[in-house]
>>> print(open('model-v8.cif').read())   # mmCIF, C-alpha atoms and all ligand atoms
data_input
#
loop_
_atom_site.label_atom_id
_atom_site.label_comp_id
_atom_site.auth_asym_id
_atom_site.auth_seq_id
_atom_site.Cartn_x
_atom_site.Cartn_y
_atom_site.Cartn_z
CA MET A 1 164.05 103.71 181.34
CA ARG A 2 164.47 107.28 182.52
CA ALA A 3 165.72 108.12 185.99
CA LEU A 4 165.80 111.50 187.67
CA ILE A 5 168.41 111.88 190.41
CA VAL A 6 167.95 114.77 192.83
CA GLU A 7 171.16 114.98 194.83
CA ASP A 8 173.32 117.96 195.79
CA GLU A 9 176.40 116.00 196.83
CA ARG A 10 178.24 115.86 193.57
CA LYS A 11 180.10 112.64 194.33
CA VAL A 12 177.01 110.73 195.40
CA GLY A 13 175.00 112.03 192.46
CA GLN A 14 177.63 111.06 189.93
CA PHE A 15 178.09 107.66 191.54
CA VAL A 16 174.38 106.87 191.28
CA GLU A 17 174.25 108.32 187.79
CA ARG A 18 177.11 106.13 186.62
CA ALA A 19 175.62 102.99 188.14
CA LEU A 20 172.26 103.63 186.51
CA SER A 21 173.85 104.41 183.14
CA GLU A 22 175.60 101.06 183.30
CA GLN A 23 172.15 99.50 183.69
CA SER A 24 171.09 101.33 180.51
CA TYR A 25 169.00 103.94 182.26
CA SER A 26 169.02 107.37 180.74
CA THR A 27 169.61 109.67 183.65
CA ARG A 28 169.28 113.29 184.55
CA LEU A 29 171.09 114.63 187.60
CA VAL A 30 169.88 117.81 189.28
CA ARG A 31 171.12 119.46 192.47
CA THR A 32 168.34 121.69 193.70
CA ILE A 33 164.61 121.65 194.33
CA ALA A 34 164.11 124.30 191.66
CA GLU A 35 165.89 122.19 189.03
CA ALA A 36 164.02 119.07 190.08
CA LYS A 37 160.67 120.84 189.69
CA ASP A 38 161.59 121.93 186.19
CA ALA A 39 162.85 118.48 185.25
CA LEU A 40 159.70 116.71 186.37
CA ALA A 41 157.42 119.31 184.84
CA GLU A 42 159.18 118.83 181.52
CA ALA A 43 159.10 115.07 181.26
CA PRO A 44 157.91 111.95 183.02
CA TYR A 45 160.44 109.56 184.54
CA ASP A 46 160.29 105.88 185.39
CA VAL A 47 161.88 106.48 188.77
CA VAL A 48 163.07 109.41 190.91
CA ILE A 49 165.91 109.12 193.42
CA LEU A 50 165.40 111.90 195.93
CA ASP A 51 167.80 113.30 198.51
CA LEU A 52 166.14 115.22 201.35
CA GLY A 53 168.67 117.83 202.45
CA LEU A 54 168.90 120.08 199.40
CA PRO A 55 170.43 123.56 199.17
CA ASP A 56 167.11 125.31 198.52
CA GLY A 57 164.81 123.29 200.73
CA ASP A 58 163.56 119.95 201.93
CA GLY A 59 162.99 117.04 199.55
CA LEU A 60 159.91 116.07 201.56
CA ASP A 61 158.21 119.35 200.61
CA LEU A 62 159.04 118.66 197.00
CA LEU A 63 157.57 115.17 197.24
CA ARG A 64 154.41 116.54 198.84
CA GLU A 65 153.99 119.05 196.01
CA TRP A 66 154.59 116.43 193.31
CA ARG A 67 151.99 114.12 194.71
CA ARG A 68 149.53 116.97 195.08
CA ASN A 69 150.05 117.74 191.38
CA ARG A 70 149.44 114.08 190.53
CA PHE A 71 153.01 113.33 189.52
CA LEU A 72 152.97 109.64 190.26
CA GLU A 73 156.51 108.55 189.42
CA PRO A 74 157.96 106.03 191.86
CA VAL A 75 160.18 107.91 194.31
CA ILE A 76 162.99 106.39 196.34
CA ILE A 77 164.28 108.63 199.09
CA LEU A 78 168.00 108.42 199.63
CA SER A 79 168.89 110.27 202.78
CA ALA A 80 171.32 110.62 205.62
CA ARG A 81 168.32 111.17 207.91
CA ASP A 82 167.82 107.76 209.35
CA ALA A 83 165.27 108.44 212.09
CA VAL A 84 162.23 106.21 211.99
CA ALA A 85 160.03 109.34 212.06
CA ASP A 86 161.67 110.60 208.85
CA ARG A 87 161.15 107.31 207.11
CA ILE A 88 157.53 107.17 208.12
CA GLN A 89 156.95 110.74 207.03
CA GLY A 90 158.56 110.07 203.65
CA LEU A 91 156.49 106.97 203.06
CA ASN A 92 153.33 108.71 204.22
CA LEU A 93 153.92 111.48 201.71
CA GLY A 94 153.98 108.94 198.94
CA ALA A 95 157.58 107.79 198.63
CA ASP A 96 157.79 104.22 197.39
CA ASP A 97 160.90 103.33 199.31
CA TYR A 98 163.47 104.83 201.67
CA LEU A 99 167.14 103.99 201.73
CA PRO A 100 169.38 105.51 204.41
CA LYS A 101 172.87 106.76 203.57
CA PRO A 102 175.44 105.29 203.45
CA PHE A 103 173.94 102.80 201.06
CA SER A 104 175.12 99.98 198.89
CA ILE A 105 174.68 100.66 195.20
CA ASP A 106 173.55 97.09 194.61
CA GLU A 107 170.80 97.53 197.14
CA LEU A 108 169.74 100.80 195.53
CA LEU A 109 169.61 99.12 192.12
CA ALA A 110 167.59 96.22 193.52
CA ARG A 111 165.10 98.61 195.11
CA ILE A 112 164.80 100.62 191.91
CA ARG A 113 164.02 97.43 189.97
CA SER A 114 161.47 96.50 192.57
CA VAL A 115 159.54 99.81 192.56
CA VAL A 116 159.64 99.99 188.77
CA ARG A 117 158.26 96.47 188.54
CA ARG A 118 155.57 97.24 191.09
CA GLN A 119 154.62 100.39 189.23
CA SER A 120 154.30 98.70 185.84
CA GLY A 121 152.35 95.82 187.39
CA ALA A 122 149.96 98.25 189.01
CA LYS A 123 149.48 100.34 185.90
CA SER A 124 145.87 100.56 184.99
CA THR A 125 144.84 99.12 181.64
CA VAL A 126 142.04 101.65 181.34
CA LEU A 127 142.79 105.35 181.37
CA SER A 128 140.09 107.96 181.66
CA HIS A 129 139.79 111.70 181.60
CA GLY A 130 136.40 113.39 181.79
CA ALA A 131 134.16 111.65 179.28
CA ILE A 132 137.09 109.92 177.56
CA ARG A 133 138.03 106.32 178.23
CA LEU A 134 140.96 104.53 176.71
CA ASP A 135 141.14 100.76 177.02
CA LEU A 136 144.80 99.91 176.48
CA LEU A 137 144.30 96.18 176.17
CA GLY A 138 141.26 96.28 173.94
CA ARG A 139 142.72 99.26 172.04
CA VAL A 140 139.35 100.98 172.20
CA ALA A 141 138.69 104.67 172.79
CA THR A 142 135.30 105.99 173.77
CA LEU A 143 133.76 109.40 174.35
CA ASN A 144 130.66 109.33 176.57
CA GLY A 145 130.55 105.59 175.95
CA ASN A 146 130.59 105.92 172.16
CA PRO A 147 133.53 104.35 170.32
CA VAL A 148 135.89 106.76 168.56
CA GLU A 149 138.05 105.50 165.72
CA LEU A 150 141.74 106.24 166.16
CA THR A 151 144.83 105.44 164.14
CA SER A 152 147.61 103.79 166.12
CA ARG A 153 149.57 107.07 166.35
CA GLU A 154 146.49 108.96 167.50
CA PHE A 155 145.92 106.27 170.10
CA ALA A 156 149.55 106.49 171.30
CA LEU A 157 149.37 110.28 171.52
CA LEU A 158 146.10 110.21 173.48
CA GLU A 159 147.55 107.56 175.79
CA LEU A 160 150.56 109.78 176.49
CA PHE A 161 148.30 112.72 177.33
CA LEU A 162 146.06 110.62 179.57
CA GLN A 163 149.05 109.26 181.45
CA ASN A 164 150.21 112.82 182.14
CA PRO A 165 147.18 114.96 182.87
CA GLY A 166 148.05 118.56 183.60
CA ARG A 167 151.67 118.18 182.67
CA VAL A 168 153.14 120.21 179.84
CA LEU A 169 154.49 117.72 177.32
CA THR A 170 157.27 119.13 175.21
CA ARG A 171 157.35 118.51 171.49
CA THR A 172 160.61 116.61 171.94
CA LEU A 173 159.08 114.27 174.49
CA ILE A 174 155.99 113.70 172.35
CA SER A 175 158.08 112.84 169.32
CA GLU A 176 160.28 110.48 171.37
CA LYS A 177 157.36 108.68 172.95
CA VAL A 178 154.91 108.57 170.06
CA TRP A 179 157.17 108.51 167.03
CA GLU A 180 160.24 107.06 168.75
CA ALA A 181 162.12 109.64 166.79
CA CYS A 182 165.47 111.00 167.83
CA TYR A 183 165.62 113.13 164.70
CA ASP A 184 163.54 116.26 164.31
CA LEU A 185 160.05 115.41 163.22
CA GLU A 186 158.59 117.34 160.41
CA THR A 187 157.67 120.32 162.52
CA ASN A 188 153.94 120.40 162.04
CA LEU A 189 153.26 116.67 162.32
CA ILE A 190 152.53 116.82 166.06
CA ASP A 191 150.20 119.77 165.49
CA VAL A 192 148.32 117.81 162.87
CA TYR A 193 147.78 114.92 165.27
CA VAL A 194 146.78 117.18 168.15
CA ARG A 195 144.28 118.87 165.87
CA ARG A 196 142.81 115.48 164.98
CA LEU A 197 142.44 114.53 168.65
CA ARG A 198 140.79 117.84 169.41
CA LYS A 199 138.36 117.32 166.57
CA LYS A 200 137.47 113.87 167.80
CA PHE A 201 137.24 114.56 171.52
CA GLU A 202 136.51 118.22 172.17
CA THR A 203 132.81 118.51 172.63
CA SER A 204 132.66 122.30 172.69
CA PRO A 205 135.11 125.17 172.13
CA GLU A 206 134.46 126.36 175.70
CA ARG A 207 135.79 123.10 177.04
CA PRO A 208 139.24 122.62 175.52
CA LEU A 209 140.87 119.25 175.99
CA ILE A 210 144.42 119.96 174.89
CA LYS A 211 145.96 123.35 175.53
CA THR A 212 148.76 124.70 173.37
CA VAL A 213 151.67 125.96 175.45
CA ARG A 214 153.34 128.39 173.12
CA GLY A 215 156.93 127.57 172.27
CA THR A 216 156.89 124.43 174.42
CA GLY A 217 154.26 121.84 173.65
CA TYR A 218 150.86 120.72 174.79
CA GLN A 219 148.95 120.05 177.98
CA LEU A 220 145.90 117.92 178.67
CA VAL A 221 143.48 120.02 180.72
CA CA B 301 172.02 116.49 200.54
#
>>> encode(input="model-v8.cif", output="structure tokens")
Amino acid sequence: MRALIVEDERKVGQFVERALSEQSYSTRLVRTIAEAKDALAEAPYDVVILDLGLPDGDGLDLLREWRRNRFLEPVIILSARDAVADRIQGLNLGADDYLPKPFSIDELLARIRSVVRRQSGAKSTVLSHGAIRLDLLGRVATLNGNPVELTSREFALLELFLQNPGRVLTRTLISEKVWEACYDLETNLIDVYVRRLRKKFETSPERPLIKTVRGTGYQLV
């Protein structure tokens, strides 16, 4: 489980980070809106803990932008703003929960478990993108309704892309998620698999499916 903590108060951030690490989450702590944008553009998270008063802006604006860009990670707002209007606004913008400061860490952990559970329960078992459909239970991929044969790694890679449309997936993230590799993959292995997916799913060169982002990774477009 990966958690992103967006919190500018060092003590609070480290406190939450420590508590989540003890629950075996891998965490990333950032202190500004700019850093949070970069973090979420780089990699998906299972949950985001979001403070609202940040040095370079308002967490609510950040949440609005994320949702507009189809970043669908569960977000729990953790804020000293306790007005009902703030809570409602946060939830309306797509936050999954709202916890006023001061908070109890046990309550935060319970709420994180709850939104993560809800999210995984609600996860669709069929992903689609344009003419592509991927049935995760039946393990079947189709293009325009016609079945396409995929190896299990090709399937896993396509699933990762379909879960993150528009997001640049770094090579490190792809190798972690698809190959579960902490070591450096043979450098061109990912390219080989991306090439195979392109061959199987790109219907014409004018309509690319997977864009190469030089020096970084790949993006489903
Ligand atoms: Ca703050």
>>> residues_near_ligand(input="model-v8.cif", ligand="ligand CA 301 (chain B)", cutoff="8 Å", atoms="all atoms listed in the file", output="compact mmCIF listing (two decimals) with C-alpha atoms, in the frame of the given file")
# COMPACT_ATOMS: atom_id res chain seq x y z
CA GLU A 7 171.16 114.98 194.83
CA ASP A 8 173.32 117.96 195.79
CA GLU A 9 176.40 116.00 196.83
CA ASP A 51 167.80 113.30 198.51
CA LEU A 52 166.14 115.22 201.35
CA GLY A 53 168.67 117.83 202.45
CA LEU A 54 168.90 120.08 199.40
CA PRO A 55 170.43 123.56 199.17
CA SER A 79 168.89 110.27 202.78
CA ALA A 80 171.32 110.62 205.62
>>> residues_around(input="model-v8.cif", residues="range 44-47 of chain A", least_positions_apart="2", cutoff="10 Å", atoms="only C-alpha atoms", output="PDB file with C-alpha atoms, in the coordinates of the input")
ATOM      1  CA  MET A   1     164.050 103.710 181.340  1.00  0.00           C
ATOM      2  CA  ARG A   2     164.470 107.280 182.520  1.00  0.00           C
ATOM      3  CA  ALA A   3     165.720 108.120 185.990  1.00  0.00           C
ATOM      4  CA  LEU A   4     165.800 111.500 187.670  1.00  0.00           C
ATOM      5  CA  ILE A   5     168.410 111.880 190.410  1.00  0.00           C
ATOM      6  CA  TYR A  25     169.000 103.940 182.260  1.00  0.00           C
ATOM      7  CA  SER A  26     169.020 107.370 180.740  1.00  0.00           C
ATOM      8  CA  THR A  27     169.610 109.670 183.650  1.00  0.00           C
ATOM      9  CA  ARG A  28     169.280 113.290 184.550  1.00  0.00           C
ATOM     10  CA  ALA A  39     162.850 118.480 185.250  1.00  0.00           C
ATOM     11  CA  LEU A  40     159.700 116.710 186.370  1.00  0.00           C
ATOM     12  CA  ALA A  41     157.420 119.310 184.840  1.00  0.00           C
ATOM     13  CA  GLU A  42     159.180 118.830 181.520  1.00  0.00           C
ATOM     14  CA  ILE A  49     165.910 109.120 193.420  1.00  0.00           C
ATOM     15  CA  LEU A  50     165.400 111.900 195.930  1.00  0.00           C
ATOM     16  CA  PHE A  71     153.010 113.330 189.520  1.00  0.00           C
ATOM     17  CA  LEU A  72     152.970 109.640 190.260  1.00  0.00           C
ATOM     18  CA  GLU A  73     156.510 108.550 189.420  1.00  0.00           C
ATOM     19  CA  PRO A  74     157.960 106.030 191.860  1.00  0.00           C
ATOM     20  CA  VAL A  75     160.180 107.910 194.310  1.00  0.00           C
ATOM     21  CA  ILE A  76     162.990 106.390 196.340  1.00  0.00           C
ATOM     22  CA  ASP A  96     157.790 104.220 197.390  1.00  0.00           C
ATOM     23  CA  ILE A 112     164.800 100.620 191.910  1.00  0.00           C
ATOM     24  CA  ARG A 113     164.020  97.430 189.970  1.00  0.00           C
ATOM     25  CA  VAL A 115     159.540  99.810 192.560  1.00  0.00           C
ATOM     26  CA  VAL A 116     159.640  99.990 188.770  1.00  0.00           C
ATOM     27  CA  GLN A 119     154.620 100.390 189.230  1.00  0.00           C
ATOM     28  CA  SER A 120     154.300  98.700 185.840  1.00  0.00           C
ATOM     29  CA  GLN A 163     149.050 109.260 181.450  1.00  0.00           C
ATOM     30  CA  ASN A 164     150.210 112.820 182.140  1.00  0.00           C
ATOM     31  CA  ARG A 167     151.670 118.180 182.670  1.00  0.00           C
ATOM     32  CA  LEU A 169     154.490 117.720 177.320  1.00  0.00           C
ATOM     33  CA  LEU A 173     159.080 114.270 174.490  1.00  0.00           C
TER      34      LEU A 173
END
>>> closest_residue(input="model-v8.cif", among="A:Gly59, A:Leu158, A:Thr32, A:Leu78", to="Ser104 in chain A", atoms="all atoms listed in the file")
A:Leu78
>>> residues_around(input="model-v8.cif", residues="range 138-142 of chain A", least_positions_apart="2", cutoff="12 Å", atoms="only C-alpha atoms", output="number ranges by chain")
A: 125-136, 144-156, 158-159, 162, 197, 200-201
>>> atom_distance(input="model-v8.cif", atom1="CA of Ile77 in chain A", atom2="CA of Gly166 in chain A")
24.5 Å
>>> atom_distance(input="model-v8.cif", atom1="CA of Asp38 in chain A", atom2="CA of Thr216 in chain A")
12.9 Å
